[in-house]
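One file, work.pdb, carrying PDB, C-alpha atoms, pLDDT in the B column:
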```
ATOM      1  CA  MET A  11      81.930  75.227  55.528  1.00 45.00           C
ATOM      2  CA  HIS A  12      80.885  78.064  57.854  1.00 46.00           C
ATOM      3  CA  GLN A  13      80.820  77.085  61.523  1.00 45.00           C
ATOM      4  CA  GLN A  14      78.259  78.761  63.794  1.00 43.00           C
ATOM      5  CA  LYS A  15      79.780  80.520  66.793  1.00 42.00           C
ATOM      6  CA  ARG A  16      78.777  78.651  69.931  1.00 42.00           C
ATOM      7  CA  GLN A  17      78.115  80.410  73.221  1.00 48.00           C
ATOM      8  CA  PRO A  18      80.295  79.051  76.037  1.00 45.00           C
ATOM      9  CA  GLU A  19      78.515  76.804  78.507  1.00 54.00           C
ATOM     10  CA  LEU A  20      77.466  78.698  81.613  1.00 58.00           C
ATOM     11  CA  VAL A  21      77.865  77.018  84.998  1.00 56.00           C
ATOM     12  CA  GLU A  22      74.962  77.361  87.409  1.00 62.00           C
ATOM     13  CA  GLY A  23      75.577  79.913  90.170  1.00 67.00           C
ATOM     14  CA  ASN A  24      78.969  81.159  88.892  1.00 84.00           C
ATOM     15  CA  LEU A  25      77.896  84.112  86.735  1.00 91.00           C
ATOM     16  CA  PRO A  26      78.880  87.479  88.314  1.00 93.00           C
ATOM     17  CA  VAL A  27      75.883  89.741  88.947  1.00 94.00           C
ATOM     18  CA  PHE A  28      76.411  93.517  88.812  1.00 94.00           C
ATOM     19  CA  VAL A  29      74.070  95.530  91.047  1.00 95.00           C
ATOM     20  CA  PHE A  30      74.363  99.049  92.430  1.00 93.00           C
ATOM     21  CA  PRO A  31      74.136  99.951  95.240  1.00 93.00           C
ATOM     22  CA  THR A  32      74.860  96.911  97.384  1.00 93.00           C
ATOM     23  CA  GLU A  33      73.359  98.515 100.516  1.00 94.00           C
ATOM     24  CA  LEU A  34      70.079 100.368 101.033  1.00 95.00           C
ATOM     25  CA  ILE A  35      69.572 102.670 104.021  1.00 93.00           C
ATOM     26  CA  PHE A  36      66.111 104.029 104.793  1.00 95.00           C
ATOM     27  CA  TYR A  37      65.625 106.876 107.291  1.00 94.00           C
ATOM     28  CA  ALA A  38      62.351 107.087 109.195  1.00 93.00           C
ATOM     29  CA  ASP A  39      62.378 110.900 109.415  1.00 92.00           C
ATOM     30  CA  ASP A  40      63.142 111.389 105.698  1.00 92.00           C
ATOM     31  CA  GLN A  41      60.337 110.242 103.382  1.00 92.00           C
ATOM     32  CA  SER A  42      62.506 110.782 100.302  1.00 93.00           C
ATOM     33  CA  THR A  43      64.579 107.753 101.368  1.00 93.00           C
ATOM     34  CA  HIS A  44      61.547 105.466 101.697  1.00 95.00           C
ATOM     35  CA  LYS A  45      61.783 104.907  97.929  1.00 95.00           C
ATOM     36  CA  GLN A  46      65.088 103.684  96.557  1.00 94.00           C
ATOM     37  CA  VAL A  47      66.364 102.273  93.287  1.00 95.00           C
ATOM     38  CA  LEU A  48      68.517  99.242  92.538  1.00 95.00           C
ATOM     39  CA  THR A  49      70.197  99.165  89.132  1.00 94.00           C
ATOM     40  CA  LEU A  50      70.907  95.772  87.582  1.00 95.00           C
ATOM     41  CA  TYR A  51      73.530  95.756  84.808  1.00 95.00           C
ATOM     42  CA  ASN A  52      73.907  93.169  82.050  1.00 94.00           C
ATOM     43  CA  PRO A  53      77.389  93.481  80.468  1.00 93.00           C
ATOM     44  CA  TYR A  54      77.021  90.172  78.622  1.00 92.00           C
ATOM     45  CA  GLU A  55      76.176  89.453  74.989  1.00 91.00           C
ATOM     46  CA  PHE A  56      73.012  87.535  75.855  1.00 91.00           C
ATOM     47  CA  ALA A  57      69.763  88.541  77.559  1.00 92.00           C
ATOM     48  CA  LEU A  58      69.118  87.778  81.215  1.00 94.00           C
ATOM     49  CA  LYS A  59      66.011  87.105  83.234  1.00 94.00           C
ATOM     50  CA  PHE A  60      65.987  88.348  86.805  1.00 95.00           C
ATOM     51  CA  LYS A  61      63.950  87.810  89.934  1.00 94.00           C
ATOM     52  CA  VAL A  62      64.042  89.740  93.230  1.00 95.00           C
ATOM     53  CA  LEU A  63      63.591  87.830  96.486  1.00 95.00           C
ATOM     54  CA  CYS A  64      63.439  89.264 100.016  1.00 95.00           C
ATOM     55  CA  THR A  65      63.820  87.903 103.552  1.00 94.00           C
ATOM     56  CA  THR A  66      60.898  90.088 104.756  1.00 94.00           C
ATOM     57  CA  PRO A  67      58.631  90.740 101.752  1.00 93.00           C
ATOM     58  CA  ASN A  68      55.827  92.126 103.945  1.00 94.00           C
ATOM     59  CA  LYS A  69      57.942  95.233 104.742  1.00 95.00           C
ATOM     60  CA  TYR A  70      58.679  96.208 101.143  1.00 96.00           C
ATOM     61  CA  VAL A  71      57.019  96.764  97.786  1.00 95.00           C
ATOM     62  CA  VAL A  72      59.240  95.865  94.845  1.00 95.00           C
ATOM     63  CA  VAL A  73      58.144  97.327  91.516  1.00 92.00           C
ATOM     64  CA  ASP A  74      58.868  94.879  88.677  1.00 90.00           C
ATOM     65  CA  ALA A  75      60.236  92.164  90.944  1.00 93.00           C
ATOM     66  CA  ALA A  76      60.835  90.011  87.861  1.00 94.00           C
ATOM     67  CA  GLY A  77      61.744  90.833  84.290  1.00 93.00           C
ATOM     68  CA  ALA A  78      64.445  90.743  81.635  1.00 94.00           C
ATOM     69  CA  VAL A  79      67.587  92.736  80.802  1.00 94.00           C
ATOM     70  CA  LYS A  80      68.763  93.065  77.217  1.00 94.00           C
ATOM     71  CA  PRO A  81      72.431  92.445  76.361  1.00 93.00           C
ATOM     72  CA  GLN A  82      74.720  95.303  77.487  1.00 93.00           C
ATOM     73  CA  CYS A  83      71.804  97.183  79.064  1.00 94.00           C
ATOM     74  CA  CYS A  84      70.516  97.862  82.567  1.00 94.00           C
ATOM     75  CA  VAL A  85      67.188  98.099  84.380  1.00 95.00           C
ATOM     76  CA  ASP A  86      66.063 100.013  87.464  1.00 95.00           C
ATOM     77  CA  ILE A  87      64.237  98.165  90.220  1.00 95.00           C
ATOM     78  CA  VAL A  88      62.235 100.456  92.527  1.00 96.00           C
ATOM     79  CA  ILE A  89      61.902  99.413  96.187  1.00 96.00           C
ATOM     80  CA  HIS A  90      59.464 101.059  98.634  1.00 96.00           C
ATOM     81  CA  HIS A  91      59.665 100.628 102.409  1.00 96.00           C
ATOM     82  CA  ARG A  92      56.045 100.386 103.559  1.00 94.00           C
ATOM     83  CA  ASP A  93      56.436  99.500 107.243  1.00 94.00           C
ATOM     84  CA  VAL A  94      58.405 102.350 108.830  1.00 94.00           C
ATOM     85  CA  ARG A  95      58.110 101.699 112.562  1.00 93.00           C
ATOM     86  CA  SER A  96      60.526 102.041 115.491  1.00 92.00           C
ATOM     87  CA  CYS A  97      60.490  98.297 116.118  1.00 94.00           C
ATOM     88  CA  HIS A  98      62.287  97.845 112.788  1.00 93.00           C
ATOM     89  CA  TYR A  99      65.136 100.293 113.549  1.00 93.00           C
ATOM     90  CA  GLY A 100      68.524  98.668 113.016  1.00 92.00           C
ATOM     91  CA  VAL A 101      67.108  95.411 111.643  1.00 93.00           C
ATOM     92  CA  VAL A 102      69.080  94.186 108.621  1.00 93.00           C
ATOM     93  CA  ASP A 103      66.983  92.719 105.810  1.00 95.00           C
ATOM     94  CA  LYS A 104      68.296  91.159 102.627  1.00 95.00           C
ATOM     95  CA  PHE A 105      67.306  91.223  98.964  1.00 96.00           C
ATOM     96  CA  ARG A 106      68.573  88.569  96.577  1.00 95.00           C
ATOM     97  CA  LEU A 107      68.731  89.148  92.833  1.00 95.00           C
ATOM     98  CA  GLN A 108      68.813  85.946  90.819  1.00 94.00           C
ATOM     99  CA  VAL A 109      69.618  85.964  87.103  1.00 95.00           C
ATOM    100  CA  SER A 110      69.236  83.254  84.479  1.00 92.00           C
ATOM    101  CA  GLU A 111      69.151  82.832  80.717  1.00 89.00           C
ATOM    102  CA  GLN A 112      65.809  83.525  79.074  1.00 80.00           C
ATOM    103  CA  SER A 113      65.689  80.007  77.653  1.00 77.00           C
ATOM    104  CA  GLN A 114      66.597  78.270  80.925  1.00 77.00           C
ATOM    105  CA  ARG A 115      65.284  78.105  84.455  1.00 75.00           C
ATOM    106  CA  LYS A 116      68.510  77.457  86.367  1.00 84.00           C
ATOM    107  CA  ALA A 117      69.989  80.422  88.238  1.00 87.00           C
ATOM    108  CA  LEU A 118      73.279  81.402  86.639  1.00 90.00           C
ATOM    109  CA  GLY A 119      74.166  83.910  89.358  1.00 93.00           C
ATOM    110  CA  ARG A 120      72.886  85.735  92.426  1.00 93.00           C
ATOM    111  CA  LYS A 121      73.729  88.848  94.398  1.00 93.00           C
ATOM    112  CA  GLU A 122      72.577  89.940  97.851  1.00 95.00           C
ATOM    113  CA  VAL A 123      71.797  93.526  98.862  1.00 95.00           C
ATOM    114  CA  VAL A 124      71.301  94.479 102.524  1.00 95.00           C
ATOM    115  CA  ALA A 125      68.650  96.980 103.660  1.00 95.00           C
ATOM    116  CA  THR A 126      68.460  98.791 107.012  1.00 94.00           C
ATOM    117  CA  LEU A 127      65.960 101.218 108.531  1.00 94.00           C
ATOM    118  CA  LEU A 128      67.473 103.922 110.765  1.00 93.00           C
ATOM    119  CA  PRO A 129      65.585 106.523 112.837  1.00 92.00           C
ATOM    120  CA  SER A 130      67.320 109.686 111.592  1.00 88.00           C
ATOM    121  CA  ALA A 131      69.884 110.730 109.026  1.00 81.00           C
ATOM    122  CA  LYS A 132      71.117 113.511 111.339  1.00 79.00           C
ATOM    123  CA  GLU A 133      71.690 111.080 114.212  1.00 74.00           C
ATOM    124  CA  GLN A 134      73.550 108.738 111.877  1.00 72.00           C
ATOM    125  CA  GLN A 135      75.805 111.551 110.670  1.00 71.00           C
ATOM    126  CA  LYS A 136      76.449 112.621 114.273  1.00 71.00           C
ATOM    127  CA  GLU A 137      77.433 109.085 115.271  1.00 73.00           C
ATOM    128  CA  GLU A 138      79.765 108.775 112.272  1.00 72.00           C
ATOM    129  CA  GLU A 139      81.362 112.146 113.076  1.00 69.00           C
ATOM    130  CA  GLU A 140      81.912 111.134 116.724  1.00 70.00           C
ATOM    131  CA  LYS A 141      83.419 107.861 115.550  1.00 73.00           C
ATOM    132  CA  ARG A 142      85.832 109.672 113.220  1.00 71.00           C
ATOM    133  CA  ILE A 143      86.873 112.045 116.042  1.00 66.00           C
ATOM    134  CA  LYS A 144      87.549 109.136 118.413  1.00 68.00           C
ATOM    135  CA  GLU A 145      89.595 107.333 115.755  1.00 67.00           C
ATOM    136  CA  HIS A 146      91.584 110.507 115.074  1.00 60.00           C
ATOM    137  CA  LEU A 147      92.318 111.040 118.779  1.00 59.00           C
ATOM    138  CA  SER A 148      93.400 107.443 119.275  1.00 59.00           C
ATOM    139  CA  GLU A 149      95.722 107.682 116.276  1.00 56.00           C
ATOM    140  CA  SER A 150      97.190 110.966 117.579  1.00 51.00           C
ATOM    141  CA  LEU A 151      97.982 109.427 120.964  1.00 51.00           C
ATOM    142  CA  PHE A 152      99.501 106.392 119.290  1.00 49.00           C
ATOM    143  CA  PHE A 153     101.935 108.473 117.233  1.00 52.00           C
ATOM    144  CA  GLU A 154     102.858 110.925 120.020  1.00 51.00           C
ATOM    145  CA  GLN A 155     103.836 108.388 122.669  1.00 47.00           C
ATOM    146  CA  PRO A 156     107.256 107.342 121.221  1.00 52.00           C
ATOM    147  CA  PHE A 157     108.469 110.962 121.308  1.00 48.00           C
ATOM    148  CA  GLN A 158     107.926 111.504 125.051  1.00 50.00           C
ATOM    149  CA  PRO A 159     111.233 109.896 126.240  1.00 52.00           C
ATOM    150  CA  GLU A 160     113.175 112.093 123.799  1.00 54.00           C
ATOM    151  CA  ASN A 161     111.590 115.247 125.236  1.00 49.00           C
ATOM    152  CA  ARG A 162     112.618 114.248 128.762  1.00 49.00           C
ATOM    153  CA  ALA A 163     116.192 113.543 127.649  1.00 48.00           C
ATOM    154  CA  VAL A 164     116.556 116.961 126.030  1.00 48.00           C
ATOM    155  CA  SER A 165     115.337 118.806 129.141  1.00 53.00           C
ATOM    156  CA  SER A 166     117.421 116.773 131.633  1.00 57.00           C
ATOM    157  CA  GLY A 167     119.730 119.717 132.595  1.00 64.00           C
ATOM    158  CA  PRO A 168     121.413 122.983 131.540  1.00 67.00           C
ATOM    159  CA  SER A 169     123.824 122.973 128.620  1.00 72.00           C
ATOM    160  CA  LEU A 170     127.578 123.502 128.995  1.00 77.00           C
ATOM    161  CA  LEU A 171     127.327 126.886 127.270  1.00 77.00           C
ATOM    162  CA  THR A 172     124.765 128.079 129.818  1.00 75.00           C
ATOM    163  CA  VAL A 173     126.995 127.020 132.721  1.00 77.00           C
ATOM    164  CA  PHE A 174     130.048 128.682 131.141  1.00 80.00           C
ATOM    165  CA  LEU A 175     128.200 131.993 130.673  1.00 79.00           C
ATOM    166  CA  GLY A 176     127.038 131.847 134.260  1.00 79.00           C
ATOM    167  CA  VAL A 177     130.618 131.384 135.535  1.00 81.00           C
ATOM    168  CA  VAL A 178     131.819 134.305 133.396  1.00 81.00           C
ATOM    169  CA  CYS A 179     129.096 136.577 134.779  1.00 80.00           C
ATOM    170  CA  VAL A 180     129.925 135.617 138.388  1.00 80.00           C
ATOM    171  CA  ALA A 181     133.619 136.321 137.780  1.00 78.00           C
ATOM    172  CA  ALA A 182     132.773 139.683 136.232  1.00 76.00           C
ATOM    173  CA  LEU A 183     130.766 140.695 139.279  1.00 75.00           C
ATOM    174  CA  MET A 184     133.661 139.753 141.563  1.00 76.00           C
ATOM    175  CA  LEU A 185     136.132 142.034 139.759  1.00 73.00           C
ATOM    176  CA  PRO A 186     136.663 145.521 141.199  1.00 73.00           C
ATOM    177  CA  THR A 187     134.675 148.451 139.877  1.00 73.00           C
ATOM    178  CA  LEU A 188     136.469 150.987 137.740  1.00 71.00           C
ATOM    179  CA  GLY A 189     137.673 153.931 139.930  1.00 66.00           C
ATOM    180  CA  ASP A 190     138.018 151.958 143.188  1.00 65.00           C
ATOM    181  CA  VAL A 191     140.823 153.317 145.348  1.00 58.00           C
ATOM    182  CA  GLU A 192     143.895 151.197 146.123  1.00 62.00           C
ATOM    183  CA  SER A 193     142.898 148.299 143.849  1.00 63.00           C
ATOM    184  CA  LEU A 194     145.664 145.764 143.147  1.00 66.00           C
ATOM    185  CA  VAL A 195     143.869 144.472 140.023  1.00 65.00           C
ATOM    186  CA  PRO A 196     145.198 145.834 136.717  1.00 70.00           C
ATOM    187  CA  LEU A 197     143.137 148.588 135.138  1.00 68.00           C
ATOM    188  CA  TYR A 198     142.092 146.514 132.106  1.00 65.00           C
ATOM    189  CA  LEU A 199     140.361 144.007 134.415  1.00 69.00           C
ATOM    190  CA  GLN A 200     138.341 146.633 136.219  1.00 71.00           C
ATOM    191  CA  LEU A 201     134.721 146.943 134.979  1.00 71.00           C
ATOM    192  CA  SER A 202     132.405 149.926 134.940  1.00 74.00           C
ATOM    193  CA  VAL A 203     129.104 150.003 136.822  1.00 71.00           C
ATOM    194  CA  ASN A 204     127.124 149.574 133.565  1.00 74.00           C
ATOM    195  CA  GLN A 205     129.155 146.506 132.594  1.00 77.00           C
ATOM    196  CA  LYS A 206     128.461 144.904 135.973  1.00 73.00           C
ATOM    197  CA  LEU A 207     124.742 145.647 135.614  1.00 77.00           C
ATOM    198  CA  VAL A 208     124.727 143.844 132.245  1.00 77.00           C
ATOM    199  CA  ALA A 209     126.561 140.877 133.790  1.00 76.00           C
ATOM    200  CA  ALA A 210     124.077 140.764 136.673  1.00 79.00           C
ATOM    201  CA  TYR A 211     121.118 140.855 134.235  1.00 75.00           C
ATOM    202  CA  ILE A 212     122.542 138.004 132.128  1.00 82.00           C
ATOM    203  CA  LEU A 213     123.251 135.977 135.286  1.00 78.00           C
ATOM    204  CA  GLY A 214     119.628 136.406 136.356  1.00 79.00           C
ATOM    205  CA  LEU A 215     118.358 135.090 133.007  1.00 80.00           C
ATOM    206  CA  ILE A 216     120.709 132.116 133.200  1.00 77.00           C
ATOM    207  CA  THR A 217     119.559 131.338 136.750  1.00 78.00           C
ATOM    208  CA  MET A 218     115.883 131.356 135.668  1.00 77.00           C
ATOM    209  CA  ALA A 219     116.666 129.043 132.744  1.00 74.00           C
ATOM    210  CA  ILE A 220     118.493 126.594 135.003  1.00 73.00           C
ATOM    211  CA  LEU A 221     115.634 126.567 137.549  1.00 71.00           C
ATOM    212  CA  ARG A 222     113.080 125.787 134.822  1.00 69.00           C
ATOM    213  CA  THR A 223     114.998 122.728 133.688  1.00 63.00           C
TER     214      THR A 223
END
```
Could you render the structure as C-alpha cells?
Amino acid sequence: MHQQKRQPELVEGNLPVFVFPTELIFYADDQSTHKQVLTLYNPYEFALKFKVLCTTPNKYVVVDAAGAVKPQCCVDIVIHHRDVRSCHYGVVDKFRLQVSEQSQRKALGRKEVVATLLPSAKEQQKEEEEKRIKEHLSESLFFEQPFQPENRAVSSGPSLLTVFLGVVCVAALMLPTLGDVESLVPLYLQLSVNQKLVAAYILGLITMAILRT
C-alpha cells in the first residue's frame, strides 16, 4: 500500500526567514536611496505567506506589504521613505517580516530589518574613513611599544671594536713621523705624514660616533 509523504510539523516561530539586506540606510541628500528593495527568499518545498510590519508606518510606503512566495522562489518588497526630514536623522526604525503557511494563520518565523536615515553619504564615508585611520594609528602604537626598550639597550654605548680602533689610532698618532732626526723608535714603527692623516681622520669619525651614542 502506497503511503503518502507527510510534511514535517512546523513549530510556530522557529522557521528561519531569509531576507536580504538586513539593514536599510537612506541618505537625505541622495534621492536614489529613498527607494530600496528587500528580497525575501523561500528555500522550502512549500509556499509561504508573508506580511511586513513597521514600528513607524507613517514614515514609509511599503509596496506589496503582504503576499505569497512560491516554493524555492523569492519576491522583492519595495520600500519608500516618504518623510525625509532632519528630525529623523539617526533614528533607527524596524521592519518585521512574518511568514506563515498559506493554509494556516500562525507565524512560523519572523525576521527584523533595521532602517536608518542619515543626512549625507559623503559625511558617512568621511566618518568611517576617520574611524579606520584612528583604529590603524592605535594598532600601530600598540605594536611599536614593546620594541622601545630594545632600541635603548642597543644604543647604550660604543662597541668594543669602536673603542679598539680608537686606541689604535691614538697610538699611531703618538709614534714618530718617518724622517725624524735622532728617533730611538725602530724604522718599521715610524709612520709617514699621510698615514698619520688617515689615522687622525678615522679617530675623528670614531669620536663623533661615540658622542652620538
ask   = Can you list, as JSON, numbers by chain, every protein, DNA or RNA residue that comes within 9 Å of Leu175 of chain A when you count all atoms listed in the file, leaving out same-chain residues fewer than 3 positions away?
value = {"A": [170, 171, 172, 178, 179, 180, 212, 213, 216]}
message = What does the structure give for the distance between atom CA of Val88 of chain A and atom CA of Phe56 of chain A, in Å to one decimal?
response =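 Value for the atom CA of Val88 of chain A-atom CA of Phe56 of chain A distance: 23.7 Å.
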ask   = With distances taken over only C-alpha atoms, which of A:Thr43, A:Thr187, A:Thr32, A:Thr65 is nearest to Val123 of chain A?
value =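 Closest to Val123 of chain A, using only C-alpha atoms: A:Thr32.
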key: Residue with smallest distance to Glu122 of chain A - pool A:Val109, A:Val208, A:Val71, A:Val177, counting all atoms listed in the file   =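 Among the listed residues, A:Val109 lies closest to Glu122 of chain A.
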task = Could you pull out every residue with an atom within 12 Å of (61.2, 100.0, 110.6), file coordinates, counting all atoms listed in the file, and send them as a list in words?
result = Ile35, Phe36, Tyr37, Ala38, Asp39, His44, Thr66, Asn68, Lys69, Tyr70, His91, Arg92, Asp93, Val94, Arg95, Ser96, Cys97, His98, Tyr99, Gly100, Val101, Val102, Asp103, Ala125, Thr126, Leu127, Leu128, Pro129 and Ser130 of chain A
request  = Let me know the residues the PyMOL selection byres ((chain A and resi 76) around 7) catches in the file above, as number ranges by chain.
outcome  = A: 60-62, 74-75, 77
request  = Around the point (131.1, 141.9, 135.1), in the coordinates given by the file, pick out the residues reaching within 8 Å, counting all atoms listed in the file, and return them as an MDAnalysis selection string.
outcome  = chainID A and resid 178:185 201 205:210
ask   = Could you spell out the hits of the PyMOL selection byres ((chain A and resi 80) around 9) on the shown file, as a list of chain:residue names?
value =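 Written out, the selection comes to A:Asn52, A:Tyr54, A:Glu55, A:Phe56, A:Ala57, A:Leu58, A:Lys59, A:Ala78, A:Val79, A:Pro81, A:Gln82, A:Cys83, A:Cys84, A:Val85.
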As lines of an AutoDock Vina configuration file, please: the centre and edge lengths in Å, to one decimal, of an axis-aligned box enclosing every listed atom of segment 75-85 of chain A with 4 Å added on each side.
```
center_x = 67.5
center_y = 94.1
center_z = 83.7
size_x = 22.5
size_y = 16.1
size_z = 22.6
```
message = Under the rule that only C-alpha atoms are counted, which of A:Ile89, A:Val72, A:Phe28, A:Phe105 is the nearest residue to Gln46 of chain A?
response =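 So, comparing all the options, the nearest one is A:Ile89.
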Using the incomplete input, complete segment 85-96 of chain A to the level of N, CA and C atoms; output as a PDB file, in the coordinates of the input.
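This went into selection-v4.pdb:
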```
ATOM      1  N   VAL A  85      68.555  97.805  83.982  1.00 95.00           N
ATOM      2  CA  VAL A  85      67.188  98.099  84.380  1.00 95.00           C
ATOM      3  C   VAL A  85      67.191  98.637  85.810  1.00 95.00           C
ATOM      4  N   ASP A  86      66.221  99.472  86.117  1.00 95.00           N
ATOM      5  CA  ASP A  86      66.063 100.013  87.464  1.00 95.00           C
ATOM      6  C   ASP A  86      64.939  99.270  88.176  1.00 95.00           C
ATOM      7  N   ILE A  87      65.214  98.877  89.398  1.00 95.00           N
ATOM      8  CA  ILE A  87      64.237  98.165  90.220  1.00 95.00           C
ATOM      9  C   ILE A  87      63.897  99.060  91.401  1.00 95.00           C
ATOM     10  N   VAL A  88      62.656  99.516  91.486  1.00 96.00           N
ATOM     11  CA  VAL A  88      62.235 100.456  92.527  1.00 96.00           C
ATOM     12  C   VAL A  88      61.758  99.680  93.752  1.00 96.00           C
ATOM     13  N   ILE A  89      62.259 100.078  94.940  1.00 96.00           N
ATOM     14  CA  ILE A  89      61.902  99.413  96.187  1.00 96.00           C
ATOM     15  C   ILE A  89      61.329 100.449  97.153  1.00 96.00           C
ATOM     16  N   HIS A  90      60.121 100.181  97.653  1.00 96.00           N
ATOM     17  CA  HIS A  90      59.464 101.059  98.634  1.00 96.00           C
ATOM     18  C   HIS A  90      59.461 100.370  99.997  1.00 96.00           C
ATOM     19  N   HIS A  91      59.808 101.127 101.040  1.00 96.00           N
ATOM     20  CA  HIS A  91      59.665 100.628 102.409  1.00 96.00           C
ATOM     21  C   HIS A  91      58.278 101.047 102.901  1.00 96.00           C
ATOM     22  N   ARG A  92      57.429 100.077 103.214  1.00 94.00           N
ATOM     23  CA  ARG A  92      56.045 100.386 103.559  1.00 94.00           C
ATOM     24  C   ARG A  92      55.712 100.136 105.033  1.00 94.00           C
ATOM     25  N   ASP A  93      56.705  99.798 105.831  1.00 94.00           N
ATOM     26  CA  ASP A  93      56.436  99.500 107.243  1.00 94.00           C
ATOM     27  C   ASP A  93      57.466 100.209 108.115  1.00 94.00           C
ATOM     28  N   VAL A  94      57.438 101.538 108.080  1.00 94.00           N
ATOM     29  CA  VAL A  94      58.405 102.350 108.830  1.00 94.00           C
ATOM     30  C   VAL A  94      57.919 102.486 110.267  1.00 94.00           C
ATOM     31  N   ARG A  95      58.453 101.661 111.141  1.00 93.00           N
ATOM     32  CA  ARG A  95      58.110 101.699 112.562  1.00 93.00           C
ATOM     33  C   ARG A  95      59.382 101.554 113.384  1.00 93.00           C
ATOM     34  N   SER A  96      59.342 102.054 114.632  1.00 92.00           N
ATOM     35  CA  SER A  96      60.526 102.041 115.491  1.00 92.00           C
ATOM     36  C   SER A  96      60.999 100.628 115.821  1.00 92.00           C
TER      37      SER A  96
END
```
